[in-house]
Amino acid sequence: MPEETNLLGKTVRGAQWLFFSRLLVRLLQFARTIVLAVLLLPRDFDLAAVAFIAFNFLETFSVTGLDVALIRKKEEVGGYLDTVWTALAARGLLLAIALVILAKPVAWFFGREAVEYLLYTMSLTFLFR
(Lines give C-alpha, C1' and ligand atoms only; values in the text may rest on other atoms or scores of the structure.)
Protein backbone atom coordinates (compact mmCIF):
# COMPACT_ATOMS: atom_id res chain seq x y z
CA MET A 1 0.00 0.00 0.00
CA PRO A 2 2.76 2.56 0.73
CA GLU A 3 4.02 2.10 -2.84
CA GLU A 4 0.60 3.10 -4.23
CA THR A 5 0.49 6.17 -1.97
CA ASN A 6 3.98 7.15 -3.06
CA LEU A 7 3.02 6.74 -6.72
CA LEU A 8 -0.17 8.72 -6.17
CA GLY A 9 1.80 11.49 -4.45
CA LYS A 10 4.32 11.61 -7.28
CA THR A 11 1.51 11.72 -9.84
CA VAL A 12 -0.25 14.57 -8.03
CA ARG A 13 2.99 16.54 -7.68
CA GLY A 14 3.80 15.98 -11.35
CA ALA A 15 0.33 17.12 -12.37
CA GLN A 16 0.70 20.24 -10.22
CA TRP A 17 4.07 21.09 -11.79
CA LEU A 18 2.63 20.56 -15.26
CA PHE A 19 -0.41 22.70 -14.52
CA PHE A 20 1.56 25.60 -13.06
CA SER A 21 4.24 25.51 -15.74
CA ARG A 22 1.61 25.65 -18.48
CA LEU A 23 -0.25 28.37 -16.61
CA LEU A 24 2.96 30.41 -16.38
CA VAL A 25 3.65 29.96 -20.10
CA ARG A 26 0.12 31.08 -20.97
CA LEU A 27 0.38 34.11 -18.68
CA LEU A 28 3.68 35.12 -20.26
CA GLN A 29 2.21 34.71 -23.74
CA PHE A 30 -0.78 36.82 -22.71
CA ALA A 31 1.55 39.50 -21.31
CA ARG A 32 3.54 39.46 -24.58
CA THR A 33 0.31 39.94 -26.52
CA ILE A 34 -0.74 42.85 -24.33
CA VAL A 35 2.66 44.53 -24.72
CA LEU A 36 2.54 44.07 -28.49
CA ALA A 37 -1.01 45.42 -28.62
CA VAL A 38 0.06 48.55 -26.74
CA LEU A 39 3.25 49.13 -28.71
CA LEU A 40 2.08 48.32 -32.23
CA LEU A 41 -0.45 49.93 -34.50
CA PRO A 42 -3.39 47.69 -35.42
CA ARG A 43 -2.00 46.96 -38.90
CA ASP A 44 1.39 46.09 -37.38
CA PHE A 45 -0.20 43.93 -34.72
CA ASP A 46 -1.92 42.04 -37.54
CA LEU A 47 1.48 41.38 -39.14
CA ALA A 48 2.87 40.09 -35.87
CA ALA A 49 -0.13 37.81 -35.36
CA VAL A 50 0.23 36.29 -38.82
CA ALA A 51 3.97 35.80 -38.32
CA PHE A 52 3.42 34.12 -34.94
CA ILE A 53 0.86 31.77 -36.47
CA ALA A 54 3.40 30.49 -38.99
CA PHE A 55 6.21 30.40 -36.42
CA ASN A 56 4.20 28.53 -33.79
CA PHE A 57 2.80 26.11 -36.36
CA LEU A 58 6.30 24.99 -37.33
CA GLU A 59 7.47 24.82 -33.74
CA THR A 60 4.46 22.89 -32.48
CA PHE A 61 4.67 20.15 -35.09
CA SER A 62 8.41 19.63 -34.71
CA VAL A 63 8.78 19.01 -30.98
CA THR A 64 11.22 16.16 -30.43
CA GLY A 65 10.92 15.61 -26.68
CA LEU A 66 14.63 14.87 -26.38
CA ASP A 67 15.12 17.50 -23.68
CA VAL A 68 12.27 16.03 -21.63
CA ALA A 69 13.68 12.52 -22.09
CA LEU A 70 17.01 13.66 -20.64
CA ILE A 71 15.29 15.17 -17.64
CA ARG A 72 13.28 12.01 -16.98
CA LYS A 73 16.23 9.66 -17.38
CA LYS A 74 17.34 8.38 -13.99
CA GLU A 75 20.82 7.29 -15.06
CA GLU A 76 23.75 9.50 -16.00
CA VAL A 77 22.92 11.51 -19.13
CA GLY A 78 26.36 12.91 -19.90
CA GLY A 79 26.88 10.55 -22.80
CA TYR A 80 23.69 11.73 -24.47
CA LEU A 81 24.23 15.48 -24.18
CA ASP A 82 26.27 15.91 -27.37
CA THR A 83 23.81 13.84 -29.40
CA VAL A 84 20.76 15.69 -28.09
CA TRP A 85 22.44 19.07 -28.58
CA THR A 86 23.31 18.16 -32.18
CA ALA A 87 19.79 16.90 -32.88
CA LEU A 88 18.21 20.05 -31.45
CA ALA A 89 20.66 22.28 -33.35
CA ALA A 90 19.81 20.43 -36.57
CA ARG A 91 16.11 20.84 -35.79
CA GLY A 92 16.62 24.59 -35.32
CA LEU A 93 18.49 24.87 -38.61
CA LEU A 94 15.83 22.89 -40.48
CA LEU A 95 13.04 24.98 -38.95
CA ALA A 96 14.84 28.20 -39.89
CA ILE A 97 15.21 27.00 -43.47
CA ALA A 98 11.57 25.87 -43.55
CA LEU A 99 10.36 29.24 -42.30
CA VAL A 100 12.44 31.05 -44.92
CA ILE A 101 10.98 28.80 -47.63
CA LEU A 102 7.42 29.26 -46.33
CA ALA A 103 7.70 33.03 -45.82
CA LYS A 104 6.62 33.98 -49.34
CA PRO A 105 3.65 31.54 -49.53
CA VAL A 106 2.45 32.60 -46.08
CA ALA A 107 2.66 36.28 -47.06
CA TRP A 108 0.76 35.51 -50.28
CA PHE A 109 -1.90 33.46 -48.43
CA PHE A 110 -2.61 36.24 -45.92
CA GLY A 111 -2.20 39.00 -48.50
CA ARG A 112 0.44 40.80 -46.45
CA GLU A 113 3.78 41.28 -48.21
CA ALA A 114 5.47 42.63 -45.08
CA VAL A 115 4.92 39.30 -43.31
CA GLU A 116 7.51 37.74 -45.60
CA TYR A 117 10.30 39.94 -44.25
CA LEU A 118 9.12 39.53 -40.68
CA LEU A 119 9.26 35.75 -41.08
CA TYR A 120 12.77 35.98 -42.51
CA THR A 121 13.81 37.78 -39.35
CA MET A 122 11.89 35.44 -37.04
CA SER A 123 13.56 32.41 -38.64
CA LEU A 124 16.79 33.46 -36.95
CA THR A 125 15.29 32.69 -33.55
CA PHE A 126 15.18 28.99 -34.42
CA LEU A 127 18.98 29.05 -34.73
CA PHE A 128 19.47 30.34 -31.19
CA ARG A 129 17.04 28.14 -29.26
# chains A, B, ... in the order shown; residues from 1 in each chain; ligands from 1

call {"tool": "residues_around", "arguments": {"residues": "region 35-38 of chain A", "least_positions_apart": "5", "cutoff": "9 Å", "atoms": "only C-alpha atoms", "output": "ChimeraX atom specification"}}
result
/A:30,45,48

call {"tool": "write_last_selection", "arguments": {"atoms": "N, CA, C and O atoms", "output": "CSV table (one decimal), in the first residue's frame"}}
result
chain,number,residue,atom,x,y,z
A,30,PHE,N,0.3,35.8,-22.8
A,30,PHE,CA,-0.8,36.8,-22.7
A,30,PHE,C,-0.1,38.2,-22.5
A,30,PHE,O,-0.5,39.2,-23.1
A,45,PHE,N,0.2,45.0,-35.6
A,45,PHE,CA,-0.2,43.9,-34.7
A,45,PHE,C,-0.7,42.8,-35.6
A,45,PHE,O,-0.4,41.6,-35.3
A,48,ALA,N,2.2,40.9,-36.9
A,48,ALA,CA,2.9,40.1,-35.9
A,48,ALA,C,2.0,38.8,-35.6
A,48,ALA,O,2.6,37.7,-35.4

call {"tool": "residues_around", "arguments": {"residues": "region 100-115 of chain A", "least_positions_apart": "4", "cutoff": "9 Å", "atoms": "only C-alpha atoms", "output": "VMD selection string"}}
result
chain A and resid 47 to 48 50 to 51 54 95 to 96 119 to 121 123

call {"tool": "residues_around", "arguments": {"residues": "region 61-76 of chain A", "least_positions_apart": "3", "cutoff": "9 Å", "atoms": "only C-alpha atoms", "output": "number ranges by chain"}}
result
A: 56-58, 79-81, 84-85, 87-88, 91, 95

call {"tool": "write_last_selection", "arguments": {"atoms": "all heavy atoms", "output": "CSV table (one decimal), in the first residue's frame"}}
result
chain,number,residue,atom,x,y,z
A,56,ASN,N,4.7,29.5,-34.8
A,56,ASN,CA,4.2,28.5,-33.8
A,56,ASN,C,3.7,27.2,-34.4
A,56,ASN,O,3.9,26.2,-33.8
A,56,ASN,CB,3.1,29.1,-32.9
A,56,ASN,CG,3.6,30.2,-32.0
A,56,ASN,OD1,4.8,30.1,-31.6
A,56,ASN,ND2,2.8,31.1,-31.6
A,57,PHE,N,3.2,27.3,-35.7
A,57,PHE,CA,2.8,26.1,-36.4
A,57,PHE,C,4.0,25.2,-36.6
A,57,PHE,O,4.0,24.0,-36.3
A,57,PHE,CB,2.2,26.5,-37.7
A,57,PHE,CG,1.8,25.3,-38.5
A,57,PHE,CD1,0.6,24.6,-38.3
A,57,PHE,CD2,2.6,24.8,-39.5
A,57,PHE,CE1,0.2,23.5,-39.0
A,57,PHE,CE2,2.2,23.7,-40.3
A,57,PHE,CZ,1.1,23.1,-40.0
A,58,LEU,N,5.1,25.8,-37.1
A,58,LEU,CA,6.3,25.0,-37.3
A,58,LEU,C,6.9,24.4,-36.0
A,58,LEU,O,7.3,23.3,-36.0
A,58,LEU,CB,7.4,25.8,-38.0
A,58,LEU,CG,7.2,26.0,-39.5
A,58,LEU,CD1,8.3,26.9,-40.0
A,58,LEU,CD2,7.3,24.7,-40.2
A,79,GLY,N,26.6,11.1,-21.5
A,79,GLY,CA,26.9,10.6,-22.8
A,79,GLY,C,25.9,10.9,-23.9
A,79,GLY,O,26.2,10.8,-25.1
A,80,TYR,N,24.7,11.4,-23.5
A,80,TYR,CA,23.7,11.7,-24.5
A,80,TYR,C,23.7,13.2,-24.8
A,80,TYR,O,23.0,13.6,-25.8
A,80,TYR,CB,22.3,11.4,-23.9
A,80,TYR,CG,22.1,9.9,-23.7
A,80,TYR,CD1,22.1,9.4,-22.4
A,80,TYR,CD2,21.9,9.0,-24.7
A,80,TYR,CE1,22.0,8.1,-22.1
A,80,TYR,CE2,21.7,7.7,-24.4
A,80,TYR,CZ,21.8,7.2,-23.1
A,80,TYR,OH,21.6,5.9,-22.9
A,81,LEU,N,24.3,14.0,-24.0
A,81,LEU,CA,24.2,15.5,-24.2
A,81,LEU,C,24.7,16.0,-25.6
A,81,LEU,O,24.0,16.8,-26.2
A,81,LEU,CB,25.0,16.2,-23.1
A,81,LEU,CG,24.5,16.0,-21.7
A,81,LEU,CD1,25.4,16.7,-20.7
A,81,LEU,CD2,23.0,16.6,-21.6
A,84,VAL,N,22.0,14.9,-28.2
A,84,VAL,CA,20.8,15.7,-28.1
A,84,VAL,C,21.0,17.1,-28.5
A,84,VAL,O,20.2,17.7,-29.3
A,84,VAL,CB,20.2,15.6,-26.6
A,84,VAL,CG1,19.1,16.6,-26.5
A,84,VAL,CG2,19.7,14.2,-26.3
A,85,TRP,N,22.1,17.7,-28.2
A,85,TRP,CA,22.4,19.1,-28.6
A,85,TRP,C,22.5,19.1,-30.1
A,85,TRP,O,22.0,20.1,-30.7
A,85,TRP,CB,23.8,19.5,-28.0
A,85,TRP,CG,24.1,21.0,-28.3
A,85,TRP,CD1,23.7,22.1,-27.6
A,85,TRP,CD2,24.8,21.4,-29.4
A,85,TRP,NE1,24.1,23.2,-28.2
A,85,TRP,CE2,24.8,22.8,-29.4
A,85,TRP,CE3,25.4,20.8,-30.5
A,85,TRP,CZ2,25.4,23.6,-30.3
A,85,TRP,CZ3,26.0,21.6,-31.5
A,85,TRP,CH2,26.0,23.0,-31.4
A,87,ALA,N,21.1,17.1,-32.3
A,87,ALA,CA,19.8,16.9,-32.9
A,87,ALA,C,18.9,18.2,-32.8
A,87,ALA,O,18.2,18.5,-33.7
A,87,ALA,CB,19.1,15.7,-32.2
A,88,LEU,N,19.0,18.8,-31.6
A,88,LEU,CA,18.2,20.0,-31.4
A,88,LEU,C,18.8,21.2,-32.3
A,88,LEU,O,18.0,22.0,-32.8
A,88,LEU,CB,18.2,20.4,-30.0
A,88,LEU,CG,17.4,19.5,-29.1
A,88,LEU,CD1,17.4,19.9,-27.6
A,88,LEU,CD2,15.9,19.4,-29.5
A,91,ARG,N,17.5,20.5,-35.7
A,91,ARG,CA,16.1,20.8,-35.8
A,91,ARG,C,15.9,22.3,-36.0
A,91,ARG,O,15.1,22.8,-36.8
A,91,ARG,CB,15.4,20.4,-34.5
A,91,ARG,CG,14.0,20.9,-34.4
A,91,ARG,CD,13.4,20.6,-33.0
A,91,ARG,NE,12.1,21.2,-32.8
A,91,ARG,CZ,11.9,22.3,-32.2
A,91,ARG,NH1,12.9,23.0,-31.7
A,91,ARG,NH2,10.7,22.8,-32.1
A,95,LEU,N,14.2,24.1,-39.1
A,95,LEU,CA,13.0,25.0,-39.0
A,95,LEU,C,13.3,26.4,-39.5
A,95,LEU,O,12.4,27.0,-40.1
A,95,LEU,CB,12.7,25.1,-37.5
A,95,LEU,CG,12.0,23.8,-36.9
A,95,LEU,CD1,11.8,23.9,-35.4
A,95,LEU,CD2,10.7,23.5,-37.6

call {"tool": "closest_residue", "arguments": {"among": "A:Leu8, A:Leu24, A:Leu39, A:Leu93", "to": "Arg129 (chain A)", "atoms": "only C-alpha atoms"}}
result
A:Leu93

call {"tool": "atom_distance", "arguments": {"atom1": "CA of Leu99 (chain A)", "atom2": "CA of Ala49 (chain A)"}}
result
15.2 Å

call {"tool": "atom_distance", "arguments": {"atom1": "CA of Ile34 (chain A)", "atom2": "CA of Phe52 (chain A)"}}
result
14.4 Å

call {"tool": "atom_distance", "arguments": {"atom1": "CA of Ala89 (chain A)", "atom2": "CA of Phe128 (chain A)"}}
result
8.4 Å
